[in-house]
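Structure file my_file-v8.txt; described as compact mmCIF, C-alpha atoms and all ligand atoms.
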# COMPACT_ATOMS: atom_id res chain seq x y z
CA MET Y 138 44.13 -11.56 -25.69
CA LEU Y 139 47.60 -12.72 -24.69
CA LYS Y 140 47.38 -15.01 -21.67
CA THR Y 141 49.46 -13.89 -18.69
CA SER Y 142 50.09 -15.92 -15.59
CA CYS Y 143 48.15 -14.98 -12.50
CA PRO Y 144 50.09 -12.89 -9.97
CA ALA Y 145 50.58 -15.06 -6.88
CA LEU Y 146 50.73 -13.35 -3.50
CA ASP Y 147 51.77 -14.79 -0.18
CA ILE Y 148 49.65 -12.22 1.67
CA ASP Y 149 47.23 -13.48 4.33
CA PRO Y 150 44.11 -11.27 4.43
CA TRP Y 151 42.89 -13.14 7.56
CA THR Y 152 45.59 -12.28 10.09
CA GLN Y 153 44.40 -10.24 13.04
CA ASP Y 154 46.26 -7.14 11.78
CA ASN Y 155 44.88 -7.45 8.27
CA LEU Y 156 41.33 -7.91 9.52
CA ILE Y 157 41.61 -4.83 11.74
CA ASP Y 158 43.12 -2.75 8.92
CA PRO Y 159 42.50 -4.58 5.63
CA TYR Y 160 43.18 -1.58 3.40
CA PRO Y 161 46.96 -1.74 2.81
CA GLY Y 162 46.71 -5.46 1.92
CA TRP Y 163 43.74 -4.91 -0.37
CA SER Y 164 45.55 -2.06 -2.10
CA LEU Y 165 48.54 -4.34 -2.67
CA MET Y 166 46.24 -6.95 -4.19
CA ARG Y 167 44.50 -4.42 -6.47
CA ASP Y 168 47.89 -3.20 -7.67
CA ALA Y 169 49.04 -6.76 -8.36
CA GLY Y 170 46.31 -7.44 -10.93
CA PRO Y 171 42.62 -7.93 -11.72
CA VAL Y 172 42.94 -11.49 -10.39
CA VAL Y 173 45.41 -12.61 -7.75
CA TYR Y 174 46.20 -16.10 -6.57
CA LEU Y 175 46.40 -16.36 -2.77
CA SER Y 176 48.88 -19.20 -2.48
CA ARG Y 177 48.35 -19.84 1.24
CA TYR Y 178 44.71 -20.67 0.63
CA ASP Y 179 44.76 -21.93 -2.96
CA ILE Y 180 42.07 -19.45 -4.00
CA TYR Y 181 41.76 -16.77 -6.63
CA ALA Y 182 40.68 -13.30 -5.52
CA LEU Y 183 39.09 -10.42 -7.41
CA PRO Y 184 40.18 -7.25 -5.60
CA ARG Y 185 39.24 -4.67 -8.28
CA TYR Y 186 35.81 -3.21 -8.96
CA SER Y 187 35.16 -4.18 -12.61
CA PRO Y 188 36.02 -7.90 -12.37
CA VAL Y 189 33.85 -8.26 -9.24
CA ARG Y 190 30.93 -6.59 -10.97
CA SER Y 191 31.31 -8.71 -14.13
CA ALA Y 192 31.66 -11.94 -12.15
CA LEU Y 193 28.59 -11.19 -10.05
CA SER Y 194 26.53 -10.67 -13.22
CA ASN Y 195 27.59 -14.06 -14.55
CA TRP Y 196 26.33 -16.84 -12.29
CA GLN Y 197 26.76 -19.43 -15.05
CA ASP Y 198 30.57 -19.05 -14.90
CA PHE Y 199 30.82 -17.96 -11.25
CA SER Y 200 28.47 -20.36 -9.53
CA SER Y 201 27.15 -20.23 -5.96
CA ALA Y 202 25.92 -23.83 -6.05
CA ASN Y 203 29.01 -25.11 -4.23
CA GLY Y 204 28.54 -22.42 -1.59
CA ALA Y 205 29.61 -18.83 -1.08
CA LEU Y 206 31.72 -19.39 2.05
CA LEU Y 207 35.43 -20.13 1.89
CA THR Y 208 35.63 -23.73 3.08
CA GLU Y 209 33.91 -26.79 1.64
CA GLU Y 210 33.14 -27.95 5.21
CA MET Y 211 31.04 -24.87 6.00
CA ASN Y 212 29.44 -24.79 2.57
CA GLN Y 213 28.29 -28.35 3.11
CA ALA Y 214 27.14 -27.71 6.68
CA THR Y 215 25.01 -24.76 5.55
CA ALA Y 216 23.95 -26.14 2.14
CA GLY Y 217 20.39 -25.07 1.43
CA MET Y 218 20.92 -21.40 2.27
CA THR Y 219 19.70 -19.20 -0.58
CA LEU Y 220 23.20 -17.77 -0.74
CA HIS Y 221 24.46 -21.18 -1.87
CA THR Y 222 22.20 -21.76 -4.87
CA ASP Y 223 22.05 -20.93 -8.59
CA PRO Y 224 18.98 -20.34 -10.78
CA PRO Y 225 16.43 -21.80 -11.21
CA GLU Y 226 16.47 -23.09 -7.61
CA HIS Y 227 17.80 -19.74 -6.43
CA GLN Y 228 14.86 -17.85 -7.90
CA GLN Y 229 12.42 -20.16 -6.17
CA LEU Y 230 14.06 -19.80 -2.73
CA ARG Y 231 14.77 -16.08 -3.04
CA GLY Y 232 11.19 -15.44 -4.20
CA VAL Y 233 9.85 -16.89 -0.94
CA LEU Y 234 12.59 -15.47 1.29
CA ARG Y 235 12.07 -11.91 0.16
CA ARG Y 236 8.28 -11.82 0.58
CA PRO Y 237 8.42 -9.99 3.93
CA LEU Y 238 11.18 -7.71 2.61
CA THR Y 239 9.30 -6.20 -0.33
CA HIS Y 240 8.28 -2.55 -0.31
CA ASP Y 241 4.90 -3.34 1.29
CA GLY Y 242 6.39 -5.69 3.88
CA ILE Y 243 8.87 -3.06 4.99
CA GLU Y 244 6.29 -0.29 5.02
CA GLU Y 245 4.40 -2.27 7.64
CA LEU Y 246 7.45 -2.09 9.91
CA GLU Y 247 8.16 1.59 9.44
CA ASP Y 248 5.99 3.01 12.25
CA ASP Y 249 7.35 0.55 14.78
CA LEU Y 250 10.92 1.23 13.66
CA ARG Y 251 10.41 4.99 13.87
CA THR Y 252 8.93 4.81 17.38
CA GLN Y 253 11.72 2.53 18.57
CA ALA Y 254 14.36 4.81 17.00
CA GLU Y 255 12.90 7.92 18.64
CA THR Y 256 12.62 6.23 22.04
CA LEU Y 257 16.19 4.99 21.80
CA VAL Y 258 17.58 8.38 20.81
CA GLU Y 259 15.70 10.05 23.69
CA LEU Y 260 17.20 7.55 26.14
CA LEU Y 261 20.72 7.88 24.76
CA ILE Y 262 20.62 11.66 24.79
CA ARG Y 263 19.67 11.51 28.47
CA LYS Y 264 22.64 9.20 29.07
CA GLY Y 265 25.01 11.43 27.09
CA THR Y 266 27.85 8.90 26.99
CA PHE Y 267 27.40 5.17 26.36
CA GLU Y 268 28.82 2.07 24.64
CA GLY Y 269 27.89 2.67 21.01
CA VAL Y 270 27.79 -0.83 19.51
CA ASN Y 271 25.71 -2.53 22.15
CA GLU Y 272 23.49 0.37 23.19
CA LEU Y 273 23.00 2.11 19.85
CA ALA Y 274 23.94 0.02 16.81
CA GLU Y 275 22.50 -3.31 17.96
CA TYR Y 276 19.26 -1.87 19.23
CA LEU Y 277 17.00 -1.63 16.15
CA PRO Y 278 18.15 -4.85 14.43
CA MET Y 279 17.60 -6.70 17.70
CA ALA Y 280 14.43 -4.92 18.83
CA VAL Y 281 12.57 -5.09 15.53
CA VAL Y 282 14.21 -7.28 12.91
CA SER Y 283 15.12 -10.27 15.04
CA ARG Y 284 11.58 -10.18 16.49
CA GLN Y 285 10.03 -10.24 13.01
CA VAL Y 286 11.72 -13.55 12.26
CA GLY Y 287 9.58 -14.91 15.09
CA LEU Y 288 11.84 -17.47 16.75
CA PRO Y 289 11.14 -18.46 20.36
CA GLU Y 290 12.93 -16.08 22.75
CA GLU Y 291 16.16 -18.08 23.25
CA GLY Y 292 16.64 -18.26 19.47
CA ARG Y 293 15.90 -14.58 19.03
CA THR Y 294 18.47 -13.46 21.57
CA ASN Y 295 21.13 -15.79 20.14
CA MET Y 296 20.69 -14.58 16.56
CA LEU Y 297 23.29 -11.83 16.74
CA ALA Y 298 25.96 -14.15 18.14
CA TRP Y 299 25.07 -16.71 15.45
CA SER Y 300 25.38 -14.00 12.82
CA ASP Y 301 28.89 -13.07 14.01
CA ALA Y 302 29.80 -16.77 14.11
CA THR Y 303 28.64 -17.14 10.50
CA GLY Y 304 31.14 -14.42 9.64
CA ASP Y 305 34.01 -16.20 11.36
CA THR Y 306 33.17 -19.62 9.94
CA GLY Y 307 32.71 -18.06 6.49
CA GLY Y 308 36.48 -17.54 6.32
CA PRO Y 309 39.44 -19.94 6.39
CA MET Y 310 39.99 -22.54 9.12
CA ASN Y 311 41.97 -20.36 11.50
CA ASP Y 312 41.60 -19.95 15.27
CA ARG Y 313 38.61 -17.66 14.89
CA PHE Y 314 36.90 -20.24 12.65
CA HIS Y 315 37.40 -23.00 15.24
CA ALA Y 316 36.32 -20.79 18.14
CA ALA Y 317 33.06 -19.93 16.32
CA LEU Y 318 32.25 -23.47 15.18
CA PRO Y 319 30.36 -24.59 18.33
CA MET Y 320 28.08 -21.58 17.95
CA ILE Y 321 27.25 -22.57 14.37
CA GLN Y 322 26.66 -26.15 15.45
CA GLU Y 323 24.28 -24.82 18.09
CA ALA Y 324 22.49 -22.67 15.47
CA LEU Y 325 22.16 -25.62 13.09
CA ALA Y 326 20.84 -27.89 15.84
CA TYR Y 327 18.35 -25.19 16.76
CA SER Y 328 17.18 -24.71 13.16
CA TYR Y 329 16.77 -28.46 12.60
CA ASP Y 330 14.97 -29.11 15.92
CA PRO Y 331 11.78 -30.90 14.80
CA THR Y 332 9.78 -29.08 17.49
CA LEU Y 333 10.79 -25.64 16.19
CA PRO Y 334 8.05 -25.18 13.56
CA SER Y 335 5.34 -25.59 16.20
CA ARG Y 336 6.96 -22.91 18.40
CA LEU Y 337 7.34 -20.15 15.79
CA LYS Y 338 5.48 -16.86 16.08
CA PRO Y 339 2.39 -16.99 13.84
CA GLY Y 340 2.85 -14.70 10.85
CA GLY Y 341 6.60 -14.26 11.52
CA TRP Y 342 9.14 -14.55 8.72
CA ALA Y 343 10.19 -18.06 9.82
CA GLN Y 344 6.62 -19.30 10.03
CA ARG Y 345 6.03 -17.96 6.52
CA LEU Y 346 8.80 -20.24 5.21
CA TRP Y 347 7.08 -23.33 6.63
CA ASP Y 348 3.71 -22.05 5.33
CA ALA Y 349 5.25 -21.68 1.86
CA ALA Y 350 6.51 -25.28 2.06
CA GLU Y 351 3.05 -26.47 2.99
CA VAL Y 352 1.53 -25.04 -0.19
CA GLY Y 353 4.36 -26.38 -2.34
CA ASP Y 354 6.27 -23.11 -2.95
CA LEU Y 355 9.39 -24.62 -1.31
CA PRO Y 356 10.71 -28.07 -0.43
CA LEU Y 357 10.17 -28.53 3.32
CA SER Y 358 13.79 -29.67 3.67
CA LYS Y 359 15.00 -26.14 2.78
CA CYS Y 360 13.21 -24.34 5.63
CA PRO Y 361 15.78 -24.88 8.44
CA THR Y 362 18.75 -23.62 6.42
CA MET Y 363 16.76 -20.80 4.85
CA LEU Y 364 16.15 -19.59 8.39
CA MET Y 365 19.89 -18.87 8.45
CA ASP Y 366 19.47 -16.49 5.53
CA TYR Y 367 17.50 -14.24 7.91
CA TRP Y 368 20.28 -13.92 10.45
CA GLY Y 369 23.50 -14.95 8.66
CA PRO Y 370 23.97 -12.00 6.30
CA ALA Y 371 21.36 -9.79 8.02
CA LEU Y 372 22.14 -8.82 11.58
CA GLY Y 373 25.90 -8.38 12.03
CA THR Y 374 26.05 -6.45 8.75
CA THR Y 375 23.42 -3.93 9.82
CA VAL Y 376 24.99 -3.48 13.26
CA ALA Y 377 28.37 -2.90 11.59
CA ALA Y 378 26.91 -0.39 9.12
CA ILE Y 379 25.28 1.64 11.89
CA SER Y 380 28.48 1.56 13.98
CA TRP Y 381 30.70 2.71 11.12
CA THR Y 382 28.27 5.50 10.22
CA VAL Y 383 28.42 6.89 13.77
CA TRP Y 384 32.19 6.71 13.54
CA GLN Y 385 32.21 8.52 10.17
CA PHE Y 386 30.02 11.33 11.48
CA SER Y 387 32.26 11.70 14.54
CA ARG Y 388 35.25 12.14 12.23
CA HIS Y 389 33.45 14.45 9.79
CA PRO Y 390 31.34 16.80 11.94
CA ASP Y 391 31.09 19.26 9.03
CA GLN Y 392 29.28 16.64 6.94
CA TRP Y 393 26.91 15.87 9.82
CA THR Y 394 26.14 19.61 10.05
CA GLN Y 395 25.39 19.71 6.33
CA ILE Y 396 22.93 16.83 6.71
CA ARG Y 397 21.29 18.56 9.65
CA ARG Y 398 20.73 21.57 7.39
CA ASN Y 399 19.52 19.37 4.53
CA PRO Y 400 18.21 15.95 5.70
CA ALA Y 401 17.68 14.92 2.05
CA LEU Y 402 21.44 14.20 2.05
CA LEU Y 403 21.06 11.42 4.62
CA PRO Y 404 20.19 8.44 2.31
CA ASN Y 405 23.29 9.00 0.17
CA ALA Y 406 25.44 9.49 3.27
CA ILE Y 407 24.29 6.05 4.46
CA LEU Y 408 25.25 4.48 1.12
CA GLU Y 409 28.60 6.24 1.22
CA SER Y 410 29.27 4.81 4.65
CA VAL Y 411 28.41 1.28 3.44
CA ARG Y 412 30.71 1.80 0.46
CA LEU Y 413 33.64 3.05 2.49
CA GLU Y 414 33.48 0.53 5.35
CA SER Y 415 31.65 -2.36 3.67
CA PRO Y 416 30.35 -4.65 6.44
CA LEU Y 417 30.47 -7.81 4.31
CA ALA Y 418 34.08 -7.90 3.13
CA HIS Y 419 33.73 -10.80 0.69
CA LEU Y 420 31.97 -14.00 -0.30
CA SER Y 421 33.01 -16.44 -2.98
CA ARG Y 422 31.95 -18.39 -6.04
CA THR Y 423 33.26 -21.44 -7.93
CA ALA Y 424 34.56 -21.21 -11.52
CA THR Y 425 32.43 -23.65 -13.54
CA ARG Y 426 34.95 -23.81 -16.43
CA ASP Y 427 38.39 -22.44 -17.30
CA LEU Y 428 37.85 -18.68 -17.24
CA GLU Y 429 39.83 -15.69 -18.38
CA ILE Y 430 39.75 -12.22 -16.84
CA ASP Y 431 41.82 -9.57 -18.63
CA GLY Y 432 44.03 -12.31 -20.03
CA ILE Y 433 44.52 -14.10 -16.71
CA MET Y 434 43.35 -17.70 -16.47
CA ILE Y 435 41.31 -19.10 -13.59
CA PRO Y 436 41.12 -22.92 -13.78
CA ALA Y 437 37.75 -24.68 -13.65
CA GLY Y 438 36.78 -25.67 -10.13
CA SER Y 439 38.70 -22.82 -8.43
CA ARG Y 440 37.19 -20.89 -5.57
CA VAL Y 441 37.04 -17.21 -6.47
CA LEU Y 442 36.76 -14.49 -3.83
CA MET Y 443 34.41 -11.57 -4.58
CA MET Y 444 36.03 -8.76 -2.61
CA PHE Y 445 33.11 -6.34 -2.13
CA GLY Y 446 35.05 -4.18 0.35
CA SER Y 447 38.17 -3.92 -1.79
CA ALA Y 448 36.13 -3.22 -4.97
CA ASN Y 449 34.53 -0.30 -3.14
CA ARG Y 450 37.96 1.19 -2.49
CA ASP Y 451 39.18 0.84 -6.11
CA ASP Y 452 40.40 4.19 -7.47
CA ARG Y 453 39.74 2.91 -10.99
CA LYS Y 454 36.07 3.34 -10.07
CA PHE Y 455 35.88 5.90 -7.25
CA ASP Y 456 37.89 9.15 -7.02
CA GLU Y 457 39.89 9.31 -3.78
CA PRO Y 458 38.07 6.18 -2.63
CA GLU Y 459 39.30 6.39 0.97
CA ARG Y 460 37.57 9.76 1.49
CA PHE Y 461 34.12 9.88 3.17
CA ASP Y 462 32.06 12.18 0.98
CA ILE Y 463 28.30 12.40 1.45
CA HIS Y 464 28.00 14.09 -1.97
CA ARG Y 465 29.76 11.27 -3.83
CA ARG Y 466 27.92 9.44 -6.60
CA THR Y 467 27.62 6.17 -4.72
CA ILE Y 468 25.56 4.43 -7.37
CA GLY Y 469 26.90 1.01 -8.37
CA HIS Y 470 28.90 0.36 -5.21
CA MET Y 471 29.25 -3.27 -4.13
CA GLY Y 472 28.41 -2.93 -0.40
CA PHE Y 473 25.15 -4.83 -0.93
CA GLY Y 474 26.53 -7.06 -3.68
CA PHE Y 475 25.25 -7.15 -7.25
CA GLY Y 476 23.49 -9.52 -9.65
CA GLU Y 477 21.52 -12.64 -8.73
CA HIS Y 478 22.42 -12.60 -5.04
CA THR Y 479 22.24 -8.88 -4.44
CA CYS Y 480 21.14 -8.23 -0.88
CA ILE Y 481 17.41 -8.80 -0.31
CA GLY Y 482 17.50 -6.90 2.98
CA GLN Y 483 19.11 -3.69 1.80
CA SER Y 484 15.89 -1.65 1.79
CA LEU Y 485 15.23 -2.73 5.34
CA ALA Y 486 18.81 -2.03 6.44
CA ARG Y 487 18.72 1.40 4.82
CA LEU Y 488 15.33 2.18 6.35
CA GLN Y 489 16.58 1.30 9.83
CA MET Y 490 19.55 3.59 9.35
CA LYS Y 491 17.49 6.40 7.87
CA LEU Y 492 15.07 6.35 10.80
CA LEU Y 493 17.78 6.03 13.43
CA PHE Y 494 20.01 8.79 12.05
CA GLY Y 495 16.88 10.81 11.20
CA ALA Y 496 15.94 10.78 14.90
CA LEU Y 497 19.53 11.72 15.82
CA LEU Y 498 19.56 14.57 13.27
CA GLU Y 499 16.84 16.41 15.13
CA ARG Y 500 18.72 16.61 18.42
CA VAL Y 501 22.40 15.76 18.05
CA THR Y 502 24.80 18.50 16.95
CA ARG Y 503 27.95 16.39 17.14
CA PHE Y 504 29.13 12.80 17.80
CA GLU Y 505 32.24 12.14 19.84
CA VAL Y 506 33.79 8.66 19.70
CA ASN Y 507 36.48 7.45 22.11
CA ASP Y 508 38.03 4.07 22.88
CA PHE Y 509 37.27 2.81 19.39
CA THR Y 510 37.96 -0.94 18.98
CA PRO Y 511 37.42 -2.54 15.57
CA ALA Y 512 35.98 -6.05 15.49
CA VAL Y 513 38.12 -8.96 14.32
CA ASN Y 514 36.00 -11.30 12.21
CA ASN Y 515 36.88 -13.45 9.18
CA MET Y 516 34.18 -11.95 6.97
CA LEU Y 517 32.28 -9.22 8.82
CA HIS Y 518 34.01 -5.88 8.93
CA GLY Y 519 32.57 -4.25 12.02
CA VAL Y 520 33.21 -2.52 15.30
CA GLU Y 521 33.73 -4.36 18.59
CA ARG Y 522 32.99 -1.40 20.85
CA MET Y 523 33.30 2.37 21.05
CA GLN Y 524 32.39 4.97 23.61
CA VAL Y 525 29.99 7.47 22.08
CA THR Y 526 29.05 10.90 23.45
CA LEU Y 527 26.10 12.73 21.90
CA HIS Y 528 26.40 16.52 22.00
CA THR Y 529 23.19 18.50 21.75
CA HIS Y 530 24.50 22.12 21.88
C1 LIG Y 601 23.96 -2.91 5.97
C2 LIG Y 601 23.46 -4.13 6.04
C3 LIG Y 601 23.70 -5.20 5.02
C4 LIG Y 601 24.79 -5.40 4.19
C5 LIG Y 601 26.05 -4.55 4.08
C6 LIG Y 601 24.51 -6.59 3.41
C7 LIG Y 601 25.35 -7.09 2.42
C8 LIG Y 601 25.02 -8.12 1.56
C9 LIG Y 601 25.82 -8.55 0.43
C10 LIG Y 601 27.15 -7.94 0.00
C11 LIG Y 601 25.17 -9.59 -0.16
C12 LIG Y 601 25.60 -10.33 -1.44
C13 LIG Y 601 26.11 -11.72 -1.20
C14 LIG Y 601 26.63 -12.41 -2.44
O1 LIG Y 601 26.59 -11.89 -3.54
O2 LIG Y 601 27.17 -13.54 -2.28
C15 LIG Y 601 23.98 -9.85 0.62
C16 LIG Y 601 23.09 -10.86 0.37
C17 LIG Y 601 22.03 -11.15 1.21
N1 LIG Y 601 21.55 -10.39 2.25
FE1 LIG Y 601 22.34 -8.66 2.93
N2 LIG Y 601 23.30 -7.11 3.80
C18 LIG Y 601 22.77 -6.28 4.76
C19 LIG Y 601 21.54 -6.43 5.40
C20 LIG Y 601 20.69 -7.48 5.23
C21 LIG Y 601 19.42 -7.67 5.91
C22 LIG Y 601 18.81 -6.68 6.91
C23 LIG Y 601 18.91 -8.86 5.48
C24 LIG Y 601 17.63 -9.57 5.85
C25 LIG Y 601 16.75 -9.16 6.72
C26 LIG Y 601 19.85 -9.41 4.52
C27 LIG Y 601 19.69 -10.62 3.88
C28 LIG Y 601 20.48 -11.03 2.83
C29 LIG Y 601 20.26 -12.30 2.12
C30 LIG Y 601 19.19 -13.34 2.42
C31 LIG Y 601 21.23 -12.35 1.10
C32 LIG Y 601 21.40 -13.48 0.07
C33 LIG Y 601 20.50 -13.21 -1.12
C34 LIG Y 601 20.63 -14.26 -2.19
O3 LIG Y 601 21.41 -15.20 -2.05
O4 LIG Y 601 19.89 -14.13 -3.17
N3 LIG Y 601 20.90 -8.55 4.39
N4 LIG Y 601 23.90 -8.93 1.66
For the file at hand, write its structure as structure tokens.
Amino acid sequence: MLKTSCPALDIDPWTQDNLIDPYPGWSLMRDAGPVVYLSRYDIYALPRYSPVRSALSNWQDFSSANGALLTEEMNQATAGMTLHTDPPEHQQLRGVLRRPLTHDGIEELEDDLRTQAETLVELLIRKGTFEGVNELAEYLPMAVVSRQVGLPEEGRTNMLAWSDATGDTGGPMNDRFHAALPMIQEALAYSYDPTLPSRLKPGGWAQRLWDAAEVGDLPLSKCPTMLMDYWGPALGTTVAAISWTVWQFSRHPDQWTQIRRNPALLPNAILESVRLESPLAHLSRTATRDLEIDGIMIPAGSRVLMMFGSANRDDRKFDEPERFDIHRRTIGHMGFGFGEHTCIGQSLARLQMKLLFGALLERVTRFEVNDFTPAVNNMLHGVERMQVTLHTH
């Protein structure tokens, strides 16, 4: 194929305005080409669906071993996370990390999650109007998931803030990066505290990492950073997905009514929400050699941005991609990634959402959202706060 030069754009996807409303910028990037060079950051970005999918299925060329975050500083500081490894090491770490997240592991949590979801919905219906991110979206991930990790209480309650800080420090070194850095330093110090292993909840996910190291399934040195795999990509993403789904149902009451009539539509509606407002906007890889995508060269050693959120809005893949449609064929969307590093927590995230919205389905006829404020984060596309009213008649 004839080699063409890579379209270079001066656009900055990490300004406050572009983080609040990334879609016009992403559309510009998709129109510019299958690969675009972001000159301000000296990185290559893949904004279209097909190149992201191909790159994610090819870890040999698009390696995670130099880290999946944007800056070398953060990739070095968090080296050891499963996210930052290639096979065969990756398979070893991922195999241990996902043990509590297999079908059986999740089934064990289902009753507790259901009870917590029903209790929460009962309480919120009594309140009628409330702050939706803190009181609704954060509840299950904090009440159940963060407890399963089994950190001592101060670690458990800090996990959500650490997760948001991972998002900000996963992007370029802007003001948000610097503001979040102390939080990440605190999280790292906490994870490396030599007294931590003796204070973990027996049987918790964290304790199981150290147990795996003891029997030789993992190097002991990996345990502290692998702890970050349980809150880095796990908590803020789920909170964002729940928040956006409430927002979608408030804007599309007809679709909520259809699900109330036929609850079997709920799982696909959840996937559609994750497609449309993908909580993890992007992560990156390193080109291991000179690469070519549709005739455009990416030099060896370049950092290459996998734009999950933009890929999910590509009209080359999805008809009218900006439309929320619970009947859409969502299969193949990139909201949970693809390939070697595809999300290990997606079944758990989807279960939490199914049980929460399942409990809401029984009682709530309509969602009303006011005072909606999107979150501004370098990597996590979420909601800062919103006032939610649950209507039951
Ligand atoms: C709606 C919620 C969630 C979304 C949108 C989401 C999204 C993603 C995405 C896009 C990736 C791919 C990263 C890449 O290719 O570089 C990923 C990986 C990952 N996710 Fe999730 N995630 C969610 C929930 C969770 C939960 C609940 C957990 C754990 C309890 C979790 C743990 C992980 C881990 C450990 C990885 C890295 C896997 C690896 O490197 O092999 N995620 N997630």
So which one's closest to ligand LIG 601 (chain Y), Y:Pro237, Y:Pro390, Y:Pro188, Y:Gly265? Using all atoms listed in the file, please.
->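 Closest candidate: Y:Pro237.
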Nearby residues (only C-alpha atoms) at most 12 Å from Arg284 (chain Y), same-chain spacing under 2 positions excluded, as an mmCIF file with C-alpha atoms, in the coordinates of the input:
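New file part12.cif:
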data_model
loop_
_atom_site.group_PDB
_atom_site.id
_atom_site.type_symbol
_atom_site.label_atom_id
_atom_site.label_comp_id
_atom_site.auth_asym_id
_atom_site.auth_seq_id
_atom_site.Cartn_x
_atom_site.Cartn_y
_atom_site.Cartn_z
ATOM 1 C CA LEU Y 246 7.450 -2.090 9.910
ATOM 2 C CA ASP Y 249 7.350 0.550 14.780
ATOM 3 C CA LEU Y 250 10.920 1.230 13.660
ATOM 4 C CA TYR Y 276 19.260 -1.870 19.230
ATOM 5 C CA LEU Y 277 17.000 -1.630 16.150
ATOM 6 C CA PRO Y 278 18.150 -4.850 14.430
ATOM 7 C CA MET Y 279 17.600 -6.700 17.700
ATOM 8 C CA ALA Y 280 14.430 -4.920 18.830
ATOM 9 C CA VAL Y 281 12.570 -5.090 15.530
ATOM 10 C CA VAL Y 282 14.210 -7.280 12.910
ATOM 11 C CA VAL Y 286 11.720 -13.550 12.260
ATOM 12 C CA GLY Y 287 9.580 -14.910 15.090
ATOM 13 C CA LEU Y 288 11.840 -17.470 16.750
ATOM 14 C CA PRO Y 289 11.140 -18.460 20.360
ATOM 15 C CA GLU Y 290 12.930 -16.080 22.750
ATOM 16 C CA GLU Y 291 16.160 -18.080 23.250
ATOM 17 C CA GLY Y 292 16.640 -18.260 19.470
ATOM 18 C CA ARG Y 293 15.900 -14.580 19.030
ATOM 19 C CA THR Y 294 18.470 -13.460 21.570
ATOM 20 C CA ASN Y 295 21.130 -15.790 20.140
ATOM 21 C CA MET Y 296 20.690 -14.580 16.560
ATOM 22 C CA LEU Y 297 23.290 -11.830 16.740
ATOM 23 C CA LEU Y 337 7.340 -20.150 15.790
ATOM 24 C CA LYS Y 338 5.480 -16.860 16.080
ATOM 25 C CA PRO Y 339 2.390 -16.990 13.840
ATOM 26 C CA GLY Y 340 2.850 -14.700 10.850
ATOM 27 C CA GLY Y 341 6.600 -14.260 11.520
ATOM 28 C CA TRP Y 342 9.140 -14.550 8.720
ATOM 29 C CA ALA Y 343 10.190 -18.060 9.820
ATOM 30 C CA TYR Y 367 17.500 -14.240 7.910
ATOM 31 C CA TRP Y 368 20.280 -13.920 10.450
ATOM 32 C CA LEU Y 372 22.140 -8.820 11.580
#
In Å, rounded to a single decimal, give me how far atom C13 of ligand LIG 601 (chain Y) is from CA of Ile243 (chain Y).
-> 20.3 Å
Choose the residue, out of Y:Asn514, Y:Ser447, Y:Thr374, Y:Gln524, that has the smallest atom-to-atom separation from Asp154 (chain Y); count all atoms listed in the file.
-> Y:Asn514
Excluding Leu165 (chain Y) and residues on its chain fewer than 5 positions from it, collect all residues at most 10 Å away from it, counting only C-alpha atoms, and give them as JSON, numbers by chain.
-> {"Y": [146, 148, 160, 170, 184]}
Near-ligand residues for ligand LIG 601 (chain Y), threshold 8 Å, all atoms listed in the file, as a ChimeraX atom specification = /Y:193,201,205,218-222,227-228,231,234-235,238,278,282,366-379,411,415-422,443,445,471-487
Tell me which of Y:Leu498, Y:Met516, Y:Leu408, Y:Ile430 sits closest to Ile463 (chain Y), counting all atoms listed in the file.
->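 Looking only at the distances to Ile463 (chain Y), the closest residue turns out to be Y:Leu408.
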Residue nearest Glu505 (chain Y) among Y:Val383, Y:Met363, Y:Ile468, Y:Val172 (counting all atoms listed in the file) = Y:Val383
Hey, can you check how far CA of His528 (chain Y) sits from CA of Leu497 (chain Y)?
->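 According to the coordinates, CA of His528 (chain Y) and CA of Leu497 (chain Y) are separated by 10.4 Å.
Summary of the local environment: counting all atoms listed in the file, residues at most 7 Å from Leu413 (chain Y), other than itself and those fewer than 2 positions away along its chain, are Glu409, Ser410, Val411, Ser415, Asn449, Arg450, Glu459 and Phe461 of chain Y.
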Could you write out the selected residues, including C-alpha atoms, as a short mmCIF file (atom, residue, chain, number, x, y, z; two decimals), in the coordinates of the input?
data_model
loop_
_atom_site.label_atom_id
_atom_site.label_comp_id
_atom_site.auth_asym_id
_atom_site.auth_seq_id
_atom_site.Cartn_x
_atom_site.Cartn_y
_atom_site.Cartn_z
CA GLU Y 409 28.60 6.24 1.22
CA SER Y 410 29.27 4.81 4.65
CA VAL Y 411 28.41 1.28 3.44
CA SER Y 415 31.65 -2.36 3.67
CA ASN Y 449 34.53 -0.30 -3.14
CA ARG Y 450 37.96 1.19 -2.49
CA GLU Y 459 39.30 6.39 0.97
CA PHE Y 461 34.12 9.88 3.17
#
When you look at Ile262 (chain Y) with a cut-off of 12 Å (counting all atoms listed in the file), what residues show up, excluding the ones that are within fewer than 5 positions of it in the same chain? I need them as a short mmCIF file (atom, residue, chain, number, x, y, z; two decimals) with C-alpha atoms, in the coordinates of the input.
data_model
loop_
_atom_site.label_atom_id
_atom_site.label_comp_id
_atom_site.auth_asym_id
_atom_site.auth_seq_id
_atom_site.Cartn_x
_atom_site.Cartn_y
_atom_site.Cartn_z
CA GLU Y 255 12.90 7.92 18.64
CA THR Y 256 12.62 6.23 22.04
CA LEU Y 257 16.19 4.99 21.80
CA PHE Y 267 27.40 5.17 26.36
CA GLU Y 272 23.49 0.37 23.19
CA LEU Y 273 23.00 2.11 19.85
CA ALA Y 496 15.94 10.78 14.90
CA LEU Y 497 19.53 11.72 15.82
CA LEU Y 498 19.56 14.57 13.27
CA GLU Y 499 16.84 16.41 15.13
CA ARG Y 500 18.72 16.61 18.42
CA VAL Y 501 22.40 15.76 18.05
CA THR Y 502 24.80 18.50 16.95
CA ARG Y 503 27.95 16.39 17.14
CA PHE Y 504 29.13 12.80 17.80
CA VAL Y 525 29.99 7.47 22.08
CA THR Y 526 29.05 10.90 23.45
CA LEU Y 527 26.10 12.73 21.90
CA HIS Y 528 26.40 16.52 22.00
CA THR Y 529 23.19 18.50 21.75
CA HIS Y 530 24.50 22.12 21.88
#
